[in-house]
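Single-structure report; data block below.
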Amino acid sequence: MLNISGLKEGIVLDHIQAGKSLDIYYHLGLDKLECQVAIIKNAKSSKMGRKDIIKIEGDLNSLDLKVLGYIDHNITVNVIRDNTIVEKKSLKLPKKITNVIHCKNPRCITSIEQELPDVFYLSDEKTETYRCLYCEEKYGK
Amino acid sequence: MRHLLNPLDFSVEEIHQLLDLASDIEHHLPKYAHVCDGKKIATLFYEPSTRTRLSFESAMLSLGGSVLGFSSADSSSAAKGESVADTIRIISCYADICAMRHPKEGAPLVAATHSSIPVINAGDGGHQHPTQTLTDLMTIRSLLGRLSGMTVGLCGDLKFGRTVHSLINALVRYPDIRFVLISPPELRVPEYIREDVLKAKNIEFKEVGNLDEAMPELDILYMTRVQKERFFNEEDYIRLKDCYILDKAKMKLAKENMFVLHPLPRVNEISVEVDNDPRAAYFRQVQYGVYVRMALIMTLLEVEKPC
């Protein structure tokens with residue numbers, strides 16, 4: 001059994017689909033932070049069988065939870081203060097995401113003007129479909 | 001300030017008003033001859049399109065305004081690597097309104113984001129071509145007297161044909177519209193039109209491969225050209241370019257009050273023998289295009305209708 005110490009102050013991202021934690025690590029820009037980050041892969045889960053968990057130390061107001069909602073809105077976000085969970089944030093599919101994914105349509109203006117922000121909007125909540133703001137091409141996850 | 005990037009930027013009511021204005025222009029052309037005196041339109045054409053560019057220029061000249069612009073990316077600063085955003089900031093200092101055609105999809109949206117003058121999308125890649133749609137709507141309304149309760153056949157390149165996508169988007173807002181989509185399997189309408197527009201709005205449609213069988217049920221037949229510039233592979237283009245040719249024999253299968261539209265240019269998908277058929281409306285469509293662009297320029301420049 002692997003032991004990782006508890007968090008006094010920070011965020012725990014729980015119920016991450018097994019194998020997705022590193023994607024989330026980079027999408028959230030955690031590689032650029034100075035704080036301690038623990039990534040637990042393939043933890044046993046009664047609900048999911050296997051899951052990943054990320055523990056992030058410190059005050060993380062600047063964390064872009066929209067990105068997290070796009071990647072997997074089933075992730076649980078636990079806010080920890082004084083070793084206690086003080087808040088559980090639920091994630092929603094964001095209406096709009098910027099600079100998270102890049103349009104793959106070779107006819108899109110973003111294919112030649114690469115300084116443009118990559119903006120996608122949620123075109124169908126049921127099917128979790130995102131489309132490029134510029135060319136409306138569907139993005140396949 | 002408003003732009004026109006997508007046919008859906010205007011509500012059904014606004015389109016109705018625009019088409020009324022275009023119709024008034026058609027019947028009282030001289031009274032509009034000076035409503036845009038002193039105004040300039042910039043036609044920014046990053047890919048060649050003589051027809052659409054000249055239609056915009058003709059429209060502005062008929063309103064008393066002036067025109068400036070370029071007709072290919074080679075003759076613009078784009079050849080030096082200037083971004084669309086920078087170009088439109090500059091053009092905003094030179095003109096009062098602009099019409100942009102660009103091979104890349106979404107370029108007019110980028111322009112509109114950075115522009116201080118109204119931007120009209122004059123066609124962006126295989127994406128949208130709203131002024132062609134307004135032209136098509138005006139043509140249909142003028143010929144049939146309505147924009148509802150009809151069966152519209154769209155034939156040819158339904159995959160890359162942006163005029164087709166724009167027209168479908170515009171027509172689904174009117175009641176009792178039915179589509180017959182006639183194309184080879186490789187050139188069927190994109191999935192987002194089928195799923196998000198037609199199926200999502202419960203619009204009756206069918207996808208068929210045979211034009212002859214579809215002819216008798218149509219009120220409007222909208223022919224399109226298979227566009228060479230949209231193909232990455234020349235072999236595919238050659239294989240598909242002559243898949244449908246409308247000729248006299250096919251016209252015999254159609255209703256007497258059916259009309260044939262085409263965004264032009266035609267290559268050989270409509271035989272010239274059809275041109276003299278009273279149901280061939282594609283050249284009248286070009287004239288309607290000028291009137292509707294005149295109405296659009298007036299609307300976006302907020303020019304008052306003359307008494």
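Note on naming: chains are A, B, ... as they come in the structure tokens, residues start from 1 per chain, ligands start from 1 in the order shown.
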For this session: Identify all chain B residues at most 7 Å from chain A by counting only C-alpha atoms; ligands do not count. Present them as a PyMOL selection string.
Result: chain B and resi 83+104-107+109+125+127
Expected file contents, prior selection, C-alpha atoms, as a compact mmCIF listing (two decimals), in the first residue's frame:
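What ended up in result17.txt:
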```txt
# COMPACT_ATOMS: atom_id res chain seq x y z
CA SER B 83 -2.76 38.97 -40.32
CA LYS B 104 -9.88 30.02 -44.63
CA GLU B 105 -13.00 29.36 -42.62
CA GLY B 106 -13.66 31.89 -39.87
CA ALA B 107 -11.49 34.66 -41.32
CA LEU B 109 -15.20 36.43 -37.87
CA GLY B 125 -13.72 28.48 -47.44
CA HIS B 127 -18.10 27.39 -44.46
```
Exercise. Which residues, written as a ChimeraX atom specification, have at least one atom at most 9 Å from stretch 23-31 of chain A, with only C-alpha atoms counted and residues fewer than 2 positions away on the same chain left out?
Worked result: /A:16,19-21,33-35,37,39,54,56,63-65,67-68,71,100
Could you turn the residues from that selection into a file that holds C-alpha atoms, as a PDB file, in the first residue's frame?
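Heads up, here's the output in part.pdb:
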```pdb
ATOM      1  CA  ILE A  16     -10.249  10.963 -12.301  1.00  0.00           C
ATOM      2  CA  GLY A  19      -4.762   7.068 -16.839  1.00  0.00           C
ATOM      3  CA  LYS A  20      -5.994  10.656 -17.329  1.00  0.00           C
ATOM      4  CA  SER A  21      -4.134  12.291 -14.444  1.00  0.00           C
ATOM      5  CA  LEU A  33       3.539  25.610 -10.171  1.00  0.00           C
ATOM      6  CA  GLU A  34       6.069  25.559  -7.342  1.00  0.00           C
ATOM      7  CA  CYS A  35       3.809  23.742  -4.870  1.00  0.00           C
ATOM      8  CA  VAL A  37       1.672  17.897  -6.293  1.00  0.00           C
ATOM      9  CA  ILE A  39      -0.327  12.103  -8.594  1.00  0.00           C
ATOM     10  CA  ILE A  54      -4.273  14.456  -7.838  1.00  0.00           C
ATOM     11  CA  ILE A  56      -2.323  19.870  -4.922  1.00  0.00           C
ATOM     12  CA  LEU A  63      -6.856  26.987 -11.018  1.00  0.00           C
ATOM     13  CA  ASP A  64      -8.953  26.903 -14.189  1.00  0.00           C
ATOM     14  CA  LEU A  65     -11.721  24.486 -13.322  1.00  0.00           C
ATOM     15  CA  VAL A  67     -10.617  23.111 -18.307  1.00  0.00           C
ATOM     16  CA  LEU A  68     -11.275  20.340 -15.840  1.00  0.00           C
ATOM     17  CA  ILE A  71     -11.736  17.092 -19.734  1.00  0.00           C
ATOM     18  CA  VAL A 100      -7.239  24.080 -24.401  1.00  0.00           C
TER      19      VAL A 100
END
```
For this session: List every residue of chain A that DSSP, applied to the backbone of this structure, places in strand (DSSP E or B), and write the result as a VMD selection string.
Result: chain A and resid 9 to 17 37 to 45 49 to 57 76 to 81 84 to 89 96 to 98 108 119 to 124 129 to 132 138 to 139
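Restricting the calculation to only C-alpha atoms, the smallest distance between B:Pro190 and any of B:Gly161, B:Pro216, B:Pro103, B:Gly69 is found for B:Gly161.
For the residues A:Leu7, A:Ala18, A:Val12, A:Val119, ranking by smallest atom-to-atom distance to A:Gly49 using only C-alpha atoms places A:Ala18 first.
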For this session: Write out as a PyMOL selection string all residues of stretch 38-180 of chain B that backbone DSSP assigns to helix (DSSP H, G or I).
Result: chain B and resi 50-62+73-75+77-80+84-94+107-114+130-144+162-171
Exercise. If we count only C-alpha atoms, what is near B:Leu44 at a cut-off of 7 Å, once residues fewer than 6 positions away on the same chain are taken out, given as number ranges by chain?
Worked result: B: 69-71, 99-101
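For the pair atom CA of B:Ser76 and atom CA of B:Arg53, the interatomic distance is 15.2 Å.
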For this session: Find the spatial neighbours of B:Ala78, counting only C-alpha atoms, within a cut-off of 9 Å - ignore same-chain residues fewer than 5 positions away - and output them as a list in words.
Result: Tyr46, Ala73, Ser83, Val84 and Thr87 of chain B
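In terms of minimum interatomic distance to B:Pro278, B:Glu256 ranks closest within B:Glu256, B:Ile297, B:Arg194, B:Asp24, counting only C-alpha atoms.
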